[in-house]
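Visitor: Below is the structure I would like to discuss, written out as structure tokens.
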Amino acid sequence: MNDQGGCVDGPPAGSQRGPDSTALVPVAEEDPPSSWRHNIWEAITGNRRELERQLNGQKEWVEQLASKQRDAEKRLEKLGKRLDAFEGELAHAVQQLDGFRSALSRLQDDQITHHEELSREWSRLLNGEGLRTLVEEAVARARSTSLGHASGQSADAHHALLRAEALQLRSCADLLLAGEGFDRNRLEELLVPEGPDGERQRAALAELCDRADTLHRTASHLRQRPMFDFKPPKTGITPETATLYSPECGFGRRADILVLPAYRLGDQRLSLPVVLTTTRSGPAAPLSATTGADKAAPSGQGPA
């Protein structure tokens, strides 16, 4: 109540007195219950929109990856088809290559077979009894001595006879190996006696010359020509390096005369040379003029 006895009203609602004055301080009103609920809802709604946006972005990314995968699968399928086609072509090429190799192998085998037979034919002609007999008879006529190892004949004299026969056979081989059209007249001079006494030798020599011509013609039709190797072995003779001209020759000795050449096909040797050895082990005697130029010569050319 006031001094007049009236009632004194209290402070208005929403204010209170200060501690040291009668001034009134306003008091803030609390948010209504619906305000914070609205804020929470807005936050949830905003987060959901962000999640939806990110999810949509993830879906687009996944769809892009799926599209790229489909494109890659298509390319892979095309590559697989091309690979299958390439493998088919490769298999066909390998089959053709195998056919070529087989044909080449057969051709090489045929060539070697032909040359092996040709080598044997030359050996039968040059080292056969027919030519040997003519050579021995010619040497005997020239030396006016009997054939064979006569009683009382010295070893040196017998070796000299063998050496003369070896040189004569080598000279005949040089002529026969010279190719088609070789000098038959020169062979007659070496092997056939003059006059009517030489009819047998002349007929035998004509047969040998015809055989040699046939062998040269055969070689001319082969893809690769043979080589006649006139080089004597440089070391002691062994069964692997040469054939002995006579049983009196011995292995382990050096070659004195290379009588008949080796038959070669490229780097492959198809026959051994025939040699007359020295009388004993040690350095070989000086080569004769006939054998001094020994070297490999192709068929049809003879030794240089």
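Order determines the names: the first chain of the structure tokens is A, the second B, and so forth; residues in each chain are numbered 1 upward, and ligands are numbered 1 upward as they are shown.
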If you take only C-alpha atoms and a cut-off of 12 Å, which residues of stretch 132-211 of chain A touch stretch 234-247 of chain A, and what are their nearest atom pairs and distances in Å to one decimal, in chain and number order, as CSV?
Guide:
```
residue,atom,partner,partner_atom,distance
A:Arg132,CA,A:Tyr245,CA,10.9
A:His158,CA,A:Ser246,CA,11.4
A:His159,CA,A:Ser246,CA,10.0
A:Leu161,CA,A:Ser246,CA,11.5
A:Leu162,CA,A:Ser246,CA,8.0
A:Arg163,CA,A:Tyr245,CA,9.8
A:Glu165,CA,A:Tyr245,CA,10.0
A:Ala166,CA,A:Tyr245,CA,7.7
A:Leu167,CA,A:Tyr245,CA,11.2
A:Leu169,CA,A:Tyr245,CA,10.4
A:Arg170,CA,A:Tyr245,CA,11.1
```
Visitor: Per DSSP on the backbone, what are the helix (DSSP H, G or I) residues of stretch 111-206 of chain A, as a ChimeraX atom specification?
Guide: /A:111-126,129-143,155-176,184-191,196-206
Visitor: Quick check, in Å to one decimal: how far apart do atom CA of A:Asn47 and atom CA of A:Val62 lie?
Guide: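 Distance between the two atoms: 22.1 Å.
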Visitor: Using only C-alpha atoms for the distances, tell me which of A:Gly130, A:Leu272, A:Phe182, A:Leu258 is nearest to A:Leu205.
Guide: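 Of A:Gly130, A:Leu272, A:Phe182, A:Leu258, the one nearest A:Leu205, counting only C-alpha atoms, is A:Gly130.
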Visitor: Point out the residue among A:Leu270, A:Leu260, A:Ala85, A:Ala219 with the least atom-to-atom distance to A:Gly179, counting only C-alpha atoms.
Guide: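 Looking only at the distances to A:Gly179, the closest residue turns out to be A:Ala219.
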Visitor: Which of these, A:Leu131, A:Ala142, A:Leu175, A:Leu126, has the shortest distance to A:Pro273 once you count only C-alpha atoms?
Guide: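 The closest residue to A:Pro273 is A:Leu126.
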Visitor: Counting only C-alpha atoms, what is within 12 Å of A:Gln268, bar same-chain residues fewer than 4 positions away, as a ChimeraX atom specification?
Guide: /A:112,115-116,226-229,262-264,272
Visitor: Take the residues from that selection and put them in a file with C-alpha atoms, as a PDB file, in the first residue's frame.
Guide:
```
ATOM      1  CA  ILE A 112      72.819 -85.918-100.191  1.00  0.00           C
ATOM      2  CA  HIS A 115      75.823 -87.083-104.073  1.00  0.00           C
ATOM      3  CA  GLU A 116      76.558 -90.129-101.926  1.00  0.00           C
ATOM      4  CA  PRO A 226      80.445 -81.584-105.835  1.00  0.00           C
ATOM      5  CA  MET A 227      83.935 -80.499-104.851  1.00  0.00           C
ATOM      6  CA  PHE A 228      87.026 -82.678-105.292  1.00  0.00           C
ATOM      7  CA  ASP A 229      89.394 -81.901-102.453  1.00  0.00           C
ATOM      8  CA  ALA A 262      88.088 -86.545-101.333  1.00  0.00           C
ATOM      9  CA  TYR A 263      84.535 -85.907-102.529  1.00  0.00           C
ATOM     10  CA  ARG A 264      82.896 -82.977-100.742  1.00  0.00           C
ATOM     11  CA  LEU A 272      88.121 -89.989 -97.986  1.00  0.00           C
TER      12      LEU A 272
END
```
Visitor: Taking only C-alpha atoms into account, which of A:Cys209, A:Gly181, A:Gln58, A:Thr279 comes nearest A:Ala157?
Guide: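 Checking each candidate against A:Ala157, we get A:Thr279 as the closest.
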Visitor: Name the residues of stretch 235-283 of chain A that come out as strand (DSSP E) in a backbone DSSP run; write them as a ChimeraX atom specification.
Guide: /A:243-244,255-260,262-265,268-269,274-277
Visitor: Taking 3 positions as the minimum chain separation for residues in the same chain, which residues sit within 8 Å of A:Arg202 when counting only C-alpha atoms? Answer as a tab-separated table (two decimals) with C-alpha atoms, in the first residue's frame.
Guide:
```tsv
chain	number	residue	atom	x	y	z
A	188	GLU	CA	95.50	-92.56	-124.40
A	192	VAL	CA	97.46	-97.11	-124.26
A	198	GLY	CA	96.75	-101.39	-127.73
A	199	GLU	CA	93.25	-102.27	-128.91
A	205	LEU	CA	89.85	-96.66	-121.63
A	206	ALA	CA	86.95	-95.61	-123.88
```
Visitor: Which residue gives the smallest distance to A:Gln168 among A:Glu136, A:Glu50, A:Asp84, A:Asp71, with only C-alpha atoms counted?
Guide: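 Closest to A:Gln168, using only C-alpha atoms: A:Glu136.
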